[in-house]
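run07.tsv follows; it contains TSV, C-alpha atoms and all ligand atoms.
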```tsv
chain	number	residue	atom	x	y	z
A	30	VAL	CA	198.30	105.64	102.18
A	31	HIS	CA	196.81	106.77	98.91
A	32	TRP	CA	199.08	107.16	95.89
A	33	THR	CA	198.02	109.19	92.90
A	34	ALA	CA	198.88	107.95	89.42
A	35	GLU	CA	201.33	110.84	89.12
A	36	GLU	CA	203.11	109.95	92.35
A	37	LYS	CA	203.38	106.33	91.27
A	38	ALA	CA	204.79	107.38	87.91
A	39	SER	CA	207.30	109.67	89.62
A	40	ILE	CA	208.55	106.93	91.92
A	41	THR	CA	208.81	104.48	89.02
A	42	TYR	CA	210.75	107.07	87.01
A	43	VAL	CA	213.19	107.83	89.80
A	44	TRP	CA	213.59	104.27	91.02
A	45	GLU	CA	214.35	102.91	87.53
A	46	LYS	CA	217.53	104.97	87.59
A	47	VAL	CA	218.78	103.37	90.80
A	48	ASP	CA	221.75	101.02	90.76
A	49	LEU	CA	221.20	98.99	93.92
A	50	GLU	CA	224.85	98.21	94.64
A	51	HIS	CA	226.50	101.45	93.51
A	52	ASP	CA	223.93	103.81	95.00
A	53	GLY	CA	223.55	101.68	98.14
A	54	HIS	CA	227.27	102.07	98.71
A	55	HIS	CA	227.00	105.85	98.33
A	56	VAL	CA	224.06	105.99	100.74
A	57	LEU	CA	225.98	104.16	103.47
A	58	CYS	CA	229.07	106.26	102.82
A	59	ARG	CA	227.09	109.44	103.38
A	60	LEU	CA	225.29	107.96	106.39
A	61	PHE	CA	228.57	107.03	108.11
A	62	THR	CA	230.27	110.31	107.18
A	63	THR	CA	227.47	112.75	107.95
A	64	TYR	CA	226.09	110.92	111.00
A	65	PRO	CA	229.21	109.23	112.43
A	66	TRP	CA	227.37	107.65	115.39
A	67	THR	CA	225.71	105.29	112.92
A	68	GLN	CA	229.12	103.61	112.42
A	69	ARG	CA	228.94	102.02	115.82
A	70	TYR	CA	226.18	99.60	114.80
A	71	PHE	CA	228.47	98.12	112.18
A	72	GLY	CA	231.38	96.98	114.34
A	73	SER	CA	231.66	93.77	112.33
A	74	PHE	CA	232.31	95.71	109.11
A	75	GLY	CA	235.78	96.94	110.15
A	76	ASN	CA	236.90	100.53	109.60
A	77	VAL	CA	234.06	102.68	108.23
A	78	SER	CA	235.33	105.97	109.59
A	79	ASN	CA	236.34	107.80	106.42
A	80	GLU	CA	235.42	107.92	102.77
A	81	THR	CA	238.44	105.97	101.56
A	82	THR	CA	237.96	103.05	103.92
A	83	ILE	CA	234.19	103.04	103.37
A	84	TYR	CA	234.51	102.91	99.59
A	85	GLY	CA	237.12	100.17	99.77
A	86	ASN	CA	235.04	98.06	102.14
A	87	SER	CA	233.31	95.13	100.46
A	88	LYS	CA	231.03	94.51	103.45
A	89	VAL	CA	229.68	98.04	103.16
A	90	LYS	CA	229.11	97.48	99.47
A	91	ALA	CA	227.23	94.23	100.05
A	92	HIS	CA	225.20	95.79	102.83
A	93	GLY	CA	224.26	98.86	100.82
A	94	LYS	CA	222.88	96.54	98.18
A	95	LYS	CA	220.81	94.63	100.77
A	96	VAL	CA	219.31	97.86	102.10
A	97	LEU	CA	218.40	99.12	98.64
A	98	GLU	CA	216.99	95.72	97.68
A	99	ALA	CA	214.56	96.03	100.58
A	100	LEU	CA	213.62	99.54	99.39
A	101	ASP	CA	213.34	98.21	95.84
A	102	LYS	CA	210.65	95.78	96.99
A	103	ALA	CA	208.88	98.63	98.75
A	104	ALA	CA	209.09	100.86	95.66
A	105	HIS	CA	207.50	98.11	93.58
A	106	ASN	CA	204.73	97.47	96.11
A	107	LEU	CA	203.67	100.94	97.18
A	108	ASP	CA	200.33	99.78	98.54
A	109	ASP	CA	201.93	97.13	100.70
A	110	ILE	CA	205.01	98.77	102.23
A	111	LYS	CA	204.05	97.99	105.82
A	112	THR	CA	203.80	94.28	105.09
A	113	ILE	CA	206.99	94.23	103.03
A	114	LEU	CA	208.99	95.89	105.82
A	115	HIS	CA	207.27	94.16	108.74
A	116	ASP	CA	210.01	91.63	109.52
A	117	LEU	CA	212.83	94.12	108.96
A	118	SER	CA	211.18	96.52	111.37
A	119	HIS	CA	211.14	93.86	114.07
A	120	THR	CA	214.73	92.86	113.37
A	121	HIS	CA	215.95	96.46	113.65
A	122	ALA	CA	213.94	97.06	116.82
A	123	ASN	CA	214.39	93.85	118.78
A	124	GLU	CA	217.62	92.30	117.55
A	125	LEU	CA	219.74	95.15	116.21
A	126	HIS	CA	218.42	97.82	118.64
A	127	ILE	CA	218.71	100.60	116.10
A	128	ASP	CA	217.46	103.99	117.26
A	129	PRO	CA	214.61	104.57	114.78
A	130	GLU	CA	215.64	108.23	114.35
A	131	ASN	CA	218.41	106.79	112.18
A	132	PHE	CA	215.89	105.59	109.58
A	133	LYS	CA	215.16	109.26	108.86
A	134	ARG	CA	218.87	109.95	108.46
A	135	LEU	CA	219.33	107.08	106.05
A	136	CYS	CA	216.33	108.18	104.01
A	137	GLU	CA	217.62	111.76	103.98
A	138	VAL	CA	220.95	110.72	102.51
A	139	LEU	CA	219.13	108.45	100.05
A	140	VAL	CA	217.16	111.46	98.78
A	141	ILE	CA	220.41	113.38	98.38
A	142	VAL	CA	222.05	110.53	96.46
A	143	LEU	CA	219.01	110.38	94.17
A	144	ALA	CA	219.03	114.16	93.68
A	145	ILE	CA	222.70	114.13	92.71
A	146	LYS	CA	222.10	111.23	90.36
A	147	LEU	CA	219.09	112.72	88.59
A	148	GLY	CA	220.16	116.36	88.60
A	149	SER	CA	217.52	118.52	86.93
A	150	ALA	CA	215.34	115.43	86.29
A	151	PHE	CA	214.74	115.41	90.06
A	152	THR	CA	211.89	117.85	89.59
A	153	PRO	CA	209.93	119.27	92.53
A	154	SER	CA	207.03	116.88	91.91
A	155	ARG	CA	209.33	113.84	91.70
A	156	HIS	CA	211.11	115.06	94.83
A	157	ALA	CA	207.75	115.35	96.60
A	158	ALA	CA	206.75	111.81	95.60
A	159	VAL	CA	210.10	110.44	96.84
A	160	GLU	CA	209.71	112.28	100.16
A	161	LYS	CA	206.30	110.70	100.57
A	162	PHE	CA	207.78	107.28	99.76
A	163	VAL	CA	210.55	107.62	102.35
A	164	ALA	CA	208.08	108.94	104.95
A	165	VAL	CA	206.00	105.78	104.47
A	166	VAL	CA	209.15	103.64	104.70
A	167	VAL	CA	210.25	105.33	107.95
A	168	HIS	CA	206.78	104.89	109.40
A	169	ALA	CA	206.66	101.20	108.40
A	170	LEU	CA	210.13	100.53	109.86
A	171	GLY	CA	209.05	102.20	113.10
A	172	HIS	CA	206.17	99.80	113.55
A	173	GLY	CA	208.12	97.05	115.29
A	174	TYR	CA	209.10	99.46	118.07
A	175	PHE	CA	205.63	99.55	119.62
B	201	LIG	C1	220.62	94.86	108.54
B	201	LIG	C2	217.53	97.22	105.62
B	201	LIG	C3	218.30	101.28	108.13
B	201	LIG	C4	221.58	98.99	110.84
B	201	LIG	C5	219.72	95.17	107.52
B	201	LIG	C6	219.29	94.25	106.50
B	201	LIG	C7	218.44	94.91	105.68
B	201	LIG	C8	218.33	96.25	106.19
B	201	LIG	C9	217.72	94.35	104.44
B	201	LIG	C10	219.69	92.79	106.39
B	201	LIG	C11	218.80	91.99	107.29
B	201	LIG	C12	219.10	90.51	107.24
B	201	LIG	O1	220.17	90.12	106.80
B	201	LIG	O2	218.20	89.76	107.67
B	201	LIG	C13	217.43	98.52	106.10
B	201	LIG	C14	216.57	99.54	105.54
B	201	LIG	C15	216.79	100.68	106.24
B	201	LIG	C16	217.79	100.37	107.24
B	201	LIG	C17	215.61	99.32	104.37
B	201	LIG	C18	216.21	102.06	106.11
B	201	LIG	C19	215.62	102.55	105.07
B	201	LIG	C20	219.29	101.02	109.06
B	201	LIG	C21	219.92	102.03	109.88
B	201	LIG	C22	220.85	101.39	110.65
B	201	LIG	C23	220.79	99.98	110.30
B	201	LIG	C24	219.57	103.51	109.84
B	201	LIG	C25	221.79	101.94	111.67
B	201	LIG	C26	222.14	103.18	111.78
B	201	LIG	C27	221.59	97.68	110.46
B	201	LIG	C28	222.51	96.69	110.99
B	201	LIG	C29	222.24	95.49	110.32
B	201	LIG	C30	221.15	95.78	109.38
B	201	LIG	C31	223.58	96.92	112.07
B	201	LIG	C32	222.96	94.15	110.49
B	201	LIG	C33	224.19	94.21	109.61
B	201	LIG	C34	225.03	92.96	109.64
B	201	LIG	O3	225.67	92.73	110.66
B	201	LIG	O4	225.02	92.24	108.63
B	201	LIG	N1	219.13	96.38	107.30
B	201	LIG	N2	218.15	99.05	107.13
B	201	LIG	N3	219.83	99.80	109.34
B	201	LIG	N4	220.79	97.10	109.50
B	201	LIG	FE1	219.44	98.05	108.39
```

Structure re-expressed in structure tokens:
Amino acid sequence: VHWTAEEKASITYVWEKVDLEHDGHHVLCRLFTTYPWTQRYFGSFGNVSNETTIYGNSKVKAHGKKVLEALDKAAHNLDDIKTILHDLSHTHANELHIDPENFKRLCEVLVIVLAIKLGSAFTPSRHAAVEKFVAVVVHALGHGYF
């Protein structure tokens, strides 16, 4: 993947605004609410079936942070995303048995959380750079499935 200087600057700009714990929590809340079948992978987290229980759930909070920490590494190593996500891809494929379609859903809600956070600063060109970033992430996470 080739990144232009403008795309890199856009991703840096957007990603600097991210609060890994707070925004990670919002991402999982939207994932579980909008795509309820994703809840079933998280049986050990207790009740994640509605906004109130999701927001009050400390396991969800801790997990949201872990997910965004992995994406944080990717955002800081744009030329190396495949390597950074290599082990996670294998874990999700072979141990957790996550349907990889769900990576797209998670990335979709991430983009929405970022758009809400940035408002008008989420310009079309920044949006485009973020979409490219999440497309590369989804592709890298899909690698362990082959
Ligand atoms: C665990 C990242 C998407 C389900 C994890 C962990 C990370 C992570 C860092 C912790 C791994 C460890 O402790 O070794 C990501 C990233 C994603 C993603 C970066 C996409 C951008 C998903 C999706 C699902 C999912 C879409 C399901 C719908 C799980 C489950 C665990 C896990 C069930 C284990 C949780 C536990 O029991 O602690 N993920 N994940 N992940 N992930 Fe993901």

Counting all atoms listed in the file, which residues of chain A fall within 7 Å of ligand LIG 201 (chain B), and what is the closest atom pair for each with its distance in Å at one decimal, ordered by chain and rising number, as a Markdown table?
```
| residue | atom | partner | partner_atom | distance |
| --- | --- | --- | --- | --- |
| A:Thr67 | CA | B:LIG201 | C26 | 4.3 |
| A:Tyr70 | CA | B:LIG201 | C31 | 4.6 |
| A:Phe71 | CA | B:LIG201 | C31 | 5.0 |
| A:Ser73 | CA | B:LIG201 | O3 | 6.3 |
| A:His92 | CA | B:LIG201 | O4 | 6.8 |
| A:Lys95 | CA | B:LIG201 | C9 | 4.8 |
| A:Val96 | CA | B:LIG201 | C2 | 4.0 |
| A:Leu97 | CA | B:LIG201 | C17 | 6.4 |
| A:Glu98 | CA | B:LIG201 | C9 | 6.9 |
| A:Ala99 | CA | B:LIG201 | C17 | 5.1 |
| A:Leu100 | CA | B:LIG201 | C17 | 5.4 |
| A:Leu117 | CA | B:LIG201 | C8 | 6.5 |
| A:His121 | CA | B:LIG201 | N4 | 6.4 |
| A:Leu125 | CA | B:LIG201 | C31 | 5.9 |
| A:Ile127 | CA | B:LIG201 | C25 | 5.6 |
| A:Asn131 | CA | B:LIG201 | C24 | 4.2 |
| A:Phe132 | CA | B:LIG201 | C24 | 4.2 |
| A:Arg134 | CA | B:LIG201 | C24 | 6.6 |
| A:Leu135 | CA | B:LIG201 | C24 | 5.2 |
| A:Cys136 | CA | B:LIG201 | C19 | 5.8 |
| A:Val166 | CA | B:LIG201 | C19 | 6.6 |
| A:Val167 | CA | B:LIG201 | C19 | 6.7 |
```

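Shortest atom-to-atom contact with Gly93 in chain A among A:Ala158, A:Ala122, A:Val56, A:Ile113: A:Val56, counting all atoms listed in the file.
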
- Item | Spatial neighbours of Ser78 in chain A, 8 Å, only C-alpha atoms, chain gap at least 4 places, as a PyMOL selection string | chain A and resi 61-62+65+68+82-83

Around all the atoms of range 152-171 of chain A listed in the file, with 4 Å of room on each side, what axis-aligned box do you get, giving centre and edge lengths in Å to one decimal, as AutoDock Vina command-line options?
```
--center_x 208.9 --center_y 109.9 --center_z 101.3 --size_x 13.9 --size_y 26.7 --size_z 31.5
```

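Among the candidate residues A:Thr120, A:Asn76, A:Asn86, A:Ser154, the one lying nearest to His55 in chain A is A:Asn86, with distances computed using all atoms listed in the file.
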
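When all atoms listed in the file are used to compute distances to Thr152 in chain A, the closest of the residues A:Ser87, A:Ile40, A:Leu60, A:Arg69 turns out to be A:Ile40.
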